[in-house]
file run.cif (mmCIF, N, CA, C and O atoms)
data_upload
loop_
_atom_site.group_PDB
_atom_site.id
_atom_site.type_symbol
_atom_site.label_atom_id
_atom_site.label_comp_id
_atom_site.auth_asym_id
_atom_site.auth_seq_id
_atom_site.Cartn_x
_atom_site.Cartn_y
_atom_site.Cartn_z
ATOM 1 N N MET A 210 19.834 -38.712 5.274
ATOM 2 C CA MET A 210 18.596 -38.561 4.538
ATOM 3 C C MET A 210 18.782 -39.081 3.112
ATOM 4 O O MET A 210 19.681 -38.664 2.405
ATOM 5 N N GLU A 211 17.940 -39.976 2.723
ATOM 6 C CA GLU A 211 17.999 -40.549 1.377
ATOM 7 C C GLU A 211 17.220 -39.652 0.410
ATOM 8 O O GLU A 211 16.106 -39.217 0.693
ATOM 9 N N ARG A 212 17.832 -39.360 -0.716
ATOM 10 C CA ARG A 212 17.172 -38.541 -1.730
ATOM 11 C C ARG A 212 16.633 -39.438 -2.832
ATOM 12 O O ARG A 212 17.321 -40.325 -3.299
ATOM 13 N N ASN A 213 15.416 -39.158 -3.208
ATOM 14 C CA ASN A 213 14.782 -39.881 -4.300
ATOM 15 C C ASN A 213 14.438 -38.888 -5.397
ATOM 16 O O ASN A 213 13.843 -37.847 -5.129
ATOM 17 N N TYR A 214 14.799 -39.217 -6.600
ATOM 18 C CA TYR A 214 14.505 -38.371 -7.744
ATOM 19 C C TYR A 214 13.532 -39.093 -8.667
ATOM 20 O O TYR A 214 13.706 -40.270 -8.959
ATOM 21 N N TYR A 215 12.509 -38.376 -9.095
ATOM 22 C CA TYR A 215 11.550 -38.936 -10.030
ATOM 23 C C TYR A 215 10.959 -37.795 -10.847
ATOM 24 O O TYR A 215 11.035 -36.633 -10.466
ATOM 25 N N SER A 216 10.378 -38.146 -11.970
ATOM 26 C CA SER A 216 9.802 -37.144 -12.858
ATOM 27 C C SER A 216 8.576 -36.502 -12.235
ATOM 28 O O SER A 216 7.814 -37.158 -11.514
ATOM 29 N N LEU A 217 8.393 -35.224 -12.549
ATOM 30 C CA LEU A 217 7.192 -34.540 -12.098
ATOM 31 C C LEU A 217 5.992 -35.049 -12.875
ATOM 32 O O LEU A 217 6.103 -35.331 -14.073
ATOM 33 N N PRO A 218 4.828 -35.145 -12.229
ATOM 34 C CA PRO A 218 3.630 -35.517 -12.984
ATOM 35 C C PRO A 218 3.269 -34.386 -13.946
ATOM 36 O O PRO A 218 3.406 -33.211 -13.610
ATOM 37 N N LYS A 219 2.859 -34.745 -15.117
ATOM 38 C CA LYS A 219 2.531 -33.751 -16.133
ATOM 39 C C LYS A 219 1.033 -33.454 -16.075
ATOM 40 O O LYS A 219 0.228 -34.095 -16.750
ATOM 41 N N LEU A 220 0.681 -32.481 -15.241
ATOM 42 C CA LEU A 220 -0.715 -32.073 -15.112
ATOM 43 C C LEU A 220 -0.989 -30.948 -16.106
ATOM 44 O O LEU A 220 -0.313 -29.918 -16.088
ATOM 45 N N THR A 221 -1.975 -31.145 -16.956
ATOM 46 C CA THR A 221 -2.276 -30.138 -17.972
ATOM 47 C C THR A 221 -3.744 -29.729 -17.994
ATOM 48 O O THR A 221 -4.134 -28.888 -18.789
ATOM 49 N N GLU A 222 -4.558 -30.319 -17.145
ATOM 50 C CA GLU A 222 -5.990 -30.008 -17.099
ATOM 51 C C GLU A 222 -6.344 -29.411 -15.739
ATOM 52 O O GLU A 222 -5.881 -29.880 -14.700
ATOM 53 N N LYS A 223 -7.186 -28.384 -15.751
ATOM 54 C CA LYS A 223 -7.590 -27.732 -14.498
ATOM 55 C C LYS A 223 -8.264 -28.707 -13.546
ATOM 56 O O LYS A 223 -8.064 -28.634 -12.330
ATOM 57 N N GLU A 224 -9.056 -29.625 -14.101
ATOM 58 C CA GLU A 224 -9.761 -30.587 -13.255
ATOM 59 C C GLU A 224 -8.776 -31.467 -12.479
ATOM 60 O O GLU A 224 -9.020 -31.782 -11.320
ATOM 61 N N GLU A 225 -7.663 -31.832 -13.108
ATOM 62 C CA GLU A 225 -6.638 -32.625 -12.427
ATOM 63 C C GLU A 225 -6.040 -31.850 -11.258
ATOM 64 O O GLU A 225 -5.844 -32.390 -10.165
ATOM 65 N N VAL A 226 -5.755 -30.584 -11.495
ATOM 66 C CA VAL A 226 -5.153 -29.739 -10.468
ATOM 67 C C VAL A 226 -6.126 -29.548 -9.308
ATOM 68 O O VAL A 226 -5.749 -29.680 -8.137
ATOM 69 N N LEU A 227 -7.381 -29.249 -9.633
ATOM 70 C CA LEU A 227 -8.385 -29.050 -8.583
ATOM 71 C C LEU A 227 -8.592 -30.316 -7.768
ATOM 72 O O LEU A 227 -8.799 -30.245 -6.555
ATOM 73 N N GLU A 228 -8.506 -31.471 -8.414
ATOM 74 C CA GLU A 228 -8.639 -32.746 -7.703
ATOM 75 C C GLU A 228 -7.481 -32.944 -6.724
ATOM 76 O O GLU A 228 -7.685 -33.385 -5.592
ATOM 77 N N VAL A 229 -6.271 -32.614 -7.144
ATOM 78 C CA VAL A 229 -5.113 -32.727 -6.248
ATOM 79 C C VAL A 229 -5.273 -31.773 -5.073
ATOM 80 O O VAL A 229 -5.016 -32.137 -3.923
ATOM 81 N N LEU A 230 -5.718 -30.551 -5.344
ATOM 82 C CA LEU A 230 -5.913 -29.580 -4.264
ATOM 83 C C LEU A 230 -6.969 -30.047 -3.271
ATOM 84 O O LEU A 230 -6.839 -29.828 -2.068
ATOM 85 N N LYS A 231 -7.997 -30.706 -3.775
ATOM 86 C CA LYS A 231 -9.102 -31.133 -2.919
ATOM 87 C C LYS A 231 -8.807 -32.440 -2.186
ATOM 88 O O LYS A 231 -9.050 -32.551 -0.990
ATOM 89 N N ASN A 232 -8.266 -33.424 -2.913
ATOM 90 C CA ASN A 232 -8.135 -34.770 -2.351
ATOM 91 C C ASN A 232 -6.726 -35.343 -2.415
ATOM 92 O O ASN A 232 -6.539 -36.517 -2.135
ATOM 93 N N GLY A 233 -5.746 -34.537 -2.793
ATOM 94 C CA GLY A 233 -4.392 -35.051 -2.975
ATOM 95 C C GLY A 233 -3.690 -35.362 -1.663
ATOM 96 O O GLY A 233 -4.017 -34.814 -0.614
ATOM 97 N N THR A 234 -2.720 -36.258 -1.757
ATOM 98 C CA THR A 234 -1.885 -36.574 -0.603
ATOM 99 C C THR A 234 -0.927 -35.404 -0.349
ATOM 100 O O THR A 234 -0.785 -34.509 -1.187
ATOM 101 N N TYR A 235 -0.251 -35.461 0.760
ATOM 102 C CA TYR A 235 0.734 -34.431 1.079
ATOM 103 C C TYR A 235 1.786 -34.339 -0.022
ATOM 104 O O TYR A 235 2.147 -33.253 -0.466
ATOM 105 N N GLU A 236 2.273 -35.492 -0.468
ATOM 106 C CA GLU A 236 3.310 -35.524 -1.504
ATOM 107 C C GLU A 236 2.807 -34.925 -2.816
ATOM 108 O O GLU A 236 3.541 -34.221 -3.508
ATOM 109 N N GLU A 237 1.560 -35.218 -3.181
ATOM 110 C CA GLU A 237 0.991 -34.670 -4.420
ATOM 111 C C GLU A 237 0.860 -33.156 -4.353
ATOM 112 O O GLU A 237 1.167 -32.455 -5.318
ATOM 113 N N ILE A 238 0.409 -32.657 -3.205
ATOM 114 C CA ILE A 238 0.273 -31.204 -3.042
ATOM 115 C C ILE A 238 1.651 -30.551 -2.993
ATOM 116 O O ILE A 238 1.842 -29.458 -3.513
ATOM 117 N N MET A 239 2.611 -31.257 -2.408
ATOM 118 C CA MET A 239 3.971 -30.736 -2.290
ATOM 119 C C MET A 239 4.603 -30.475 -3.660
ATOM 120 O O MET A 239 5.278 -29.461 -3.858
ATOM 121 N N ILE A 240 4.381 -31.372 -4.616
ATOM 122 C CA ILE A 240 5.012 -31.208 -5.928
ATOM 123 C C ILE A 240 4.104 -30.531 -6.953
ATOM 124 O O ILE A 240 4.548 -30.199 -8.050
ATOM 125 N N LEU A 241 2.855 -30.260 -6.573
ATOM 126 C CA LEU A 241 1.917 -29.623 -7.493
ATOM 127 C C LEU A 241 2.439 -28.311 -8.078
ATOM 128 O O LEU A 241 2.407 -28.128 -9.303
ATOM 129 N N PRO A 242 2.937 -27.366 -7.273
ATOM 130 C CA PRO A 242 3.388 -26.102 -7.864
ATOM 131 C C PRO A 242 4.561 -26.269 -8.825
ATOM 132 O O PRO A 242 4.672 -25.526 -9.809
ATOM 133 N N LEU A 243 5.405 -27.257 -8.582
ATOM 134 C CA LEU A 243 6.528 -27.505 -9.487
ATOM 135 C C LEU A 243 6.024 -28.019 -10.831
ATOM 136 O O LEU A 243 6.489 -27.592 -11.889
ATOM 137 N N SER A 244 5.059 -28.918 -10.779
ATOM 138 C CA SER A 244 4.468 -29.448 -11.997
ATOM 139 C C SER A 244 3.740 -28.343 -12.766
ATOM 140 O O SER A 244 3.850 -28.262 -13.994
ATOM 141 N N LEU A 245 3.023 -27.498 -12.053
ATOM 142 C CA LEU A 245 2.324 -26.384 -12.711
ATOM 143 C C LEU A 245 3.310 -25.471 -13.421
ATOM 144 O O LEU A 245 3.087 -25.077 -14.568
ATOM 145 N N GLY A 246 4.363 -25.129 -12.750
ATOM 146 C CA GLY A 246 5.352 -24.232 -13.330
ATOM 147 C C GLY A 246 6.073 -24.825 -14.517
ATOM 148 O O GLY A 246 6.477 -24.113 -15.437
ATOM 149 N N GLU A 247 6.207 -26.120 -14.514
ATOM 150 C CA GLU A 247 6.932 -26.792 -15.594
ATOM 151 C C GLU A 247 6.041 -27.106 -16.797
ATOM 152 O O GLU A 247 6.463 -26.944 -17.934
ATOM 153 N N PHE A 248 4.804 -27.536 -16.558
ATOM 154 C CA PHE A 248 4.000 -28.088 -17.643
ATOM 155 C C PHE A 248 2.672 -27.397 -17.935
ATOM 156 O O PHE A 248 2.161 -27.533 -19.037
ATOM 157 N N PHE A 249 2.076 -26.734 -16.966
ATOM 158 C CA PHE A 249 0.700 -26.279 -17.148
ATOM 159 C C PHE A 249 0.625 -25.181 -18.207
ATOM 160 O O PHE A 249 1.360 -24.197 -18.142
ATOM 161 N N PRO A 250 -0.266 -25.319 -19.198
ATOM 162 C CA PRO A 250 -0.296 -24.368 -20.307
ATOM 163 C C PRO A 250 -0.861 -22.988 -19.949
ATOM 164 O O PRO A 250 -0.484 -21.994 -20.570
ATOM 165 N N ASP A 251 -1.749 -22.910 -18.967
ATOM 166 C CA ASP A 251 -2.372 -21.630 -18.587
ATOM 167 C C ASP A 251 -1.553 -21.004 -17.452
ATOM 168 O O ASP A 251 -1.735 -21.315 -16.282
ATOM 169 N N TRP A 252 -0.651 -20.096 -17.806
ATOM 170 C CA TRP A 252 0.257 -19.513 -16.815
ATOM 171 C C TRP A 252 -0.491 -18.782 -15.718
ATOM 172 O O TRP A 252 -0.084 -18.788 -14.567
ATOM 173 N N LYS A 253 -1.596 -18.126 -16.055
ATOM 174 C CA LYS A 253 -2.341 -17.340 -15.060
ATOM 175 C C LYS A 253 -2.960 -18.266 -14.001
ATOM 176 O O LYS A 253 -2.887 -17.980 -12.801
ATOM 177 N N PHE A 254 -3.565 -19.357 -14.433
ATOM 178 C CA PHE A 254 -4.123 -20.330 -13.493
ATOM 179 C C PHE A 254 -3.014 -20.921 -12.629
ATOM 180 O O PHE A 254 -3.164 -21.057 -11.415
ATOM 181 N N ALA A 255 -1.901 -21.262 -13.261
ATOM 182 C CA ALA A 255 -0.770 -21.820 -12.525
ATOM 183 C C ALA A 255 -0.247 -20.816 -11.498
ATOM 184 O O ALA A 255 0.016 -21.164 -10.343
ATOM 185 N N GLN A 256 -0.118 -19.561 -11.908
ATOM 186 C CA GLN A 256 0.350 -18.515 -11.001
ATOM 187 C C GLN A 256 -0.598 -18.354 -9.816
ATOM 188 O O GLN A 256 -0.160 -18.312 -8.663
ATOM 189 N N ASN A 257 -1.889 -18.292 -10.081
ATOM 190 C CA ASN A 257 -2.856 -18.098 -9.002
ATOM 191 C C ASN A 257 -2.886 -19.287 -8.045
ATOM 192 O O ASN A 257 -3.041 -19.115 -6.835
ATOM 193 N N THR A 258 -2.705 -20.487 -8.579
ATOM 194 C CA THR A 258 -2.652 -21.676 -7.724
ATOM 195 C C THR A 258 -1.405 -21.643 -6.845
ATOM 196 O O THR A 258 -1.470 -21.950 -5.650
ATOM 197 N N CYS A 259 -0.279 -21.254 -7.414
ATOM 198 C CA CYS A 259 0.955 -21.147 -6.629
ATOM 199 C C CYS A 259 0.808 -20.083 -5.540
ATOM 200 O O CYS A 259 1.278 -20.280 -4.404
ATOM 201 N N LEU A 260 0.171 -18.965 -5.868
ATOM 202 C CA LEU A 260 -0.036 -17.919 -4.867
ATOM 203 C C LEU A 260 -0.929 -18.411 -3.726
ATOM 204 O O LEU A 260 -0.688 -18.089 -2.560
ATOM 205 N N LYS A 261 -1.929 -19.209 -4.077
ATOM 206 C CA LYS A 261 -2.791 -19.796 -3.045
ATOM 207 C C LYS A 261 -1.976 -20.742 -2.157
ATOM 208 O O LYS A 261 -2.093 -20.717 -0.933
ATOM 209 N N LEU A 262 -1.137 -21.574 -2.779
ATOM 210 C CA LEU A 262 -0.323 -22.513 -2.008
ATOM 211 C C LEU A 262 0.775 -21.806 -1.214
ATOM 212 O O LEU A 262 1.270 -22.346 -0.224
ATOM 213 N N ALA A 263 1.139 -20.599 -1.604
ATOM 214 C CA ALA A 263 2.145 -19.831 -0.862
ATOM 215 C C ALA A 263 1.622 -19.403 0.508
ATOM 216 O O ALA A 263 2.403 -18.970 1.357
ATOM 217 N N GLU A 264 0.335 -19.559 0.737
ATOM 218 C CA GLU A 264 -0.270 -19.249 2.032
ATOM 219 C C GLU A 264 -0.584 -20.514 2.830
ATOM 220 O O GLU A 264 -1.230 -20.439 3.877
ATOM 221 N N HIS A 265 -0.130 -21.647 2.367
ATOM 222 C CA HIS A 265 -0.392 -22.931 3.034
ATOM 223 C C HIS A 265 0.273 -22.951 4.405
ATOM 224 O O HIS A 265 1.289 -22.294 4.627
ATOM 225 N N GLU A 266 -0.268 -23.740 5.308
ATOM 226 C CA GLU A 266 0.289 -23.820 6.672
ATOM 227 C C GLU A 266 1.638 -24.529 6.723
ATOM 228 O O GLU A 266 2.433 -24.292 7.625
ATOM 229 N N ASP A 267 1.910 -25.394 5.757
ATOM 230 C CA ASP A 267 3.161 -26.151 5.756
ATOM 231 C C ASP A 267 4.274 -25.359 5.062
ATOM 232 O O ASP A 267 4.111 -24.938 3.916
ATOM 233 N N PRO A 268 5.404 -25.152 5.731
ATOM 234 C CA PRO A 268 6.478 -24.339 5.133
ATOM 235 C C PRO A 268 7.096 -24.955 3.875
ATOM 236 O O PRO A 268 7.524 -24.230 2.980
ATOM 237 N N ALA A 269 7.136 -26.280 3.781
ATOM 238 C CA ALA A 269 7.705 -26.920 2.585
ATOM 239 C C ALA A 269 6.807 -26.688 1.369
ATOM 240 O O ALA A 269 7.300 -26.455 0.260
ATOM 241 N N ILE A 270 5.507 -26.727 1.572
ATOM 242 C CA ILE A 270 4.569 -26.451 0.472
ATOM 243 C C ILE A 270 4.668 -24.988 0.073
ATOM 244 O O ILE A 270 4.671 -24.653 -1.119
ATOM 245 N N ARG A 271 4.795 -24.096 1.049
ATOM 246 C CA ARG A 271 4.978 -22.669 0.731
ATOM 247 C C ARG A 271 6.250 -22.457 -0.082
ATOM 248 O O ARG A 271 6.266 -21.705 -1.057
ATOM 249 N N ALA A 272 7.325 -23.126 0.300
ATOM 250 C CA ALA A 272 8.597 -22.983 -0.416
ATOM 251 C C ALA A 272 8.458 -23.475 -1.858
ATOM 252 O O ALA A 272 8.933 -22.819 -2.794
ATOM 253 N N ASN A 273 7.803 -24.608 -2.055
ATOM 254 C CA ASN A 273 7.617 -25.117 -3.409
ATOM 255 C C ASN A 273 6.686 -24.229 -4.226
ATOM 256 O O ASN A 273 6.828 -24.141 -5.444
ATOM 257 N N ALA A 274 5.757 -23.560 -3.561
ATOM 258 C CA ALA A 274 4.885 -22.624 -4.272
ATOM 259 C C ALA A 274 5.704 -21.469 -4.852
ATOM 260 O O ALA A 274 5.480 -21.044 -5.994
ATOM 261 N N ILE A 275 6.672 -20.990 -4.096
ATOM 262 C CA ILE A 275 7.543 -19.919 -4.589
ATOM 263 C C ILE A 275 8.415 -20.435 -5.728
ATOM 264 O O ILE A 275 8.615 -19.751 -6.737
ATOM 265 N N LEU A 276 8.917 -21.658 -5.597
ATOM 266 C CA LEU A 276 9.669 -22.270 -6.698
ATOM 267 C C LEU A 276 8.789 -22.431 -7.936
ATOM 268 O O LEU A 276 9.249 -22.239 -9.062
ATOM 269 N N GLY A 277 7.535 -22.778 -7.718
ATOM 270 C CA GLY A 277 6.597 -22.900 -8.836
ATOM 271 C C GLY A 277 6.453 -21.584 -9.584
ATOM 272 O O GLY A 277 6.406 -21.562 -10.815
ATOM 273 N N LEU A 278 6.407 -20.474 -8.846
ATOM 274 C CA LEU A 278 6.351 -19.156 -9.495
ATOM 275 C C LEU A 278 7.613 -18.898 -10.310
ATOM 276 O O LEU A 278 7.551 -18.357 -11.415
ATOM 277 N N ALA A 279 8.751 -19.305 -9.783
ATOM 278 C CA ALA A 279 10.007 -19.143 -10.522
ATOM 279 C C ALA A 279 9.994 -19.993 -11.791
ATOM 280 O O ALA A 279 10.465 -19.548 -12.842
ATOM 281 N N TYR A 280 9.453 -21.204 -11.704
ATOM 282 C CA TYR A 280 9.360 -22.073 -12.887
ATOM 283 C C TYR A 280 8.467 -21.423 -13.947
ATOM 284 O O TYR A 280 8.772 -21.484 -15.135
ATOM 285 N N ILE A 281 7.351 -20.825 -13.515
ATOM 286 C CA ILE A 281 6.451 -20.153 -14.456
ATOM 287 C C ILE A 281 7.180 -19.011 -15.143
ATOM 288 O O ILE A 281 7.120 -18.865 -16.375
ATOM 289 N N ALA A 282 7.864 -18.198 -14.371
ATOM 290 C CA ALA A 282 8.601 -17.062 -14.942
ATOM 291 C C ALA A 282 9.650 -17.542 -15.932
ATOM 292 O O ALA A 282 9.817 -16.955 -17.005
ATOM 293 N N ARG A 283 10.349 -18.613 -15.593
ATOM 294 C CA ARG A 283 11.397 -19.122 -16.467
ATOM 295 C C ARG A 283 10.832 -19.777 -17.728
ATOM 296 O O ARG A 283 11.313 -19.535 -18.829
ATOM 297 N N ASN A 284 9.795 -20.599 -17.574
ATOM 298 C CA ASN A 284 9.274 -21.370 -18.706
ATOM 299 C C ASN A 284 8.287 -20.606 -19.575
ATOM 300 O O ASN A 284 8.263 -20.791 -20.789
ATOM 301 N N LYS A 285 7.470 -19.776 -18.974
ATOM 302 C CA LYS A 285 6.449 -19.047 -19.735
ATOM 303 C C LYS A 285 6.875 -17.617 -20.042
ATOM 304 O O LYS A 285 6.231 -16.932 -20.824
ATOM 305 N N ARG A 286 7.920 -17.157 -19.346
ATOM 306 C CA ARG A 286 8.441 -15.797 -19.533
ATOM 307 C C ARG A 286 7.409 -14.713 -19.240
ATOM 308 O O ARG A 286 7.383 -13.662 -19.887
ATOM 309 N N ILE A 287 6.547 -15.010 -18.274
ATOM 310 C CA ILE A 287 5.530 -14.039 -17.866
ATOM 311 C C ILE A 287 5.139 -14.334 -16.415
ATOM 312 O O ILE A 287 5.106 -15.484 -15.992
ATOM 313 N N LEU A 288 4.866 -13.276 -15.676
ATOM 314 C CA LEU A 288 4.395 -13.383 -14.306
ATOM 315 C C LEU A 288 3.834 -12.016 -13.944
ATOM 316 O O LEU A 288 4.458 -10.990 -14.269
ATOM 317 N N GLU A 289 2.703 -11.979 -13.304
ATOM 318 C CA GLU A 289 2.141 -10.695 -12.883
ATOM 319 C C GLU A 289 2.957 -10.102 -11.750
ATOM 320 O O GLU A 289 3.363 -10.827 -10.834
ATOM 321 N N LYS A 290 3.192 -8.828 -11.814
ATOM 322 C CA LYS A 290 3.969 -8.172 -10.777
ATOM 323 C C LYS A 290 3.150 -7.895 -9.527
ATOM 324 O O LYS A 290 3.700 -7.751 -8.452
ATOM 325 N N ASN A 291 1.850 -7.795 -9.660
ATOM 326 C CA ASN A 291 1.008 -7.512 -8.497
ATOM 327 C C ASN A 291 0.802 -8.774 -7.703
ATOM 328 O O ASN A 291 0.360 -8.867 -6.682
#

call {"tool": "encode", "arguments": {"input": "run.cif", "output": "structure tokens"}}
result
Amino acid sequence: MERNYYSLPKLTEKEEVLEVLKNGTYEEIMILPLSLGEFFPDWKFAQNTCLKLAEHEDPAIRANAILGLAYIARNKRILEKN
């Protein structure tokens, strides 16, 4: 398996995120929670989006959603316990 490394897209606007959720490719949706956790300024929106993606049918997207929550906790130092 060949590994490819590239920078995460820097999504900072809700409209960009909603567009990816609505019309994004598999790859875009796959890395969305990582980008949210790393760059998105509104931690609550990012957290809620990751929680939504944690219920996705694809296990890889679910796994990245959990990683996205970890990124939020690490970078923003806040996460709701509920």

call {"tool": "residues_around", "arguments": {"input": "run.cif", "residues": "segment 270-276 of chain A", "least_positions_apart": "6", "cutoff": "9 Å", "atoms": "only C-alpha atoms", "output": "ChimeraX atom specification"}}
result
/A:235,238-243,246,258-264

call {"tool": "closest_residue", "arguments": {"input": "run.cif", "among": "A:Leu245, A:Ala279, A:Ala269, A:Leu288", "to": "Thr221 of chain A", "atoms": "all atoms listed in the file"}}
result
A:Leu245

call {"tool": "atom_distance", "arguments": {"input": "run.cif", "atom1": "atom CA of Asn213 of chain A", "atom2": "atom CA of Leu227 of chain A"}}
result
25.9 Å

call {"tool": "atom_distance", "arguments": {"input": "run.cif", "atom1": "atom CA of Glu266 of chain A", "atom2": "atom CA of Arg283 of chain A"}}
result
26.1 Å

call {"tool": "closest_residue", "arguments": {"input": "run.cif", "among": "A:Leu220, A:Ile287, A:Leu230, A:Ile281", "to": "Phe249 of chain A", "atoms": "only N, CA, C and O atoms"}}
result
A:Leu220

call {"tool": "closest_residue", "arguments": {"input": "run.cif", "among": "A:Gln256, A:Val229, A:Glu222, A:Tyr215", "to": "Glu289 of chain A", "atoms": "only N, CA, C and O atoms"}}
result
A:Gln256

call {"tool": "atom_distance", "arguments": {"input": "run.cif", "atom1": "atom C of Leu278 of chain A", "atom2": "atom C of Ala255 of chain A"}}
result
8.2 Å

call {"tool": "select_by_dssp", "arguments": {"input": "run.cif", "residues": "chain A", "states": "alpha helix (DSSP H)", "output": "VMD selection string"}}
result
chain A and resid 223 to 232 235 to 248 252 to 262 268 to 285

call {"tool": "axis_aligned_box", "arguments": {"input": "run.cif", "around": "segment 283-290 of chain A", "padding_each_side": "6 Å", "output": "lines of an AutoDock Vina configuration file"}}
result
center_x = 6.8
center_y = -14.6
center_z = -14.6
size_x = 21.3
size_y = 25.6
size_z = 24.4
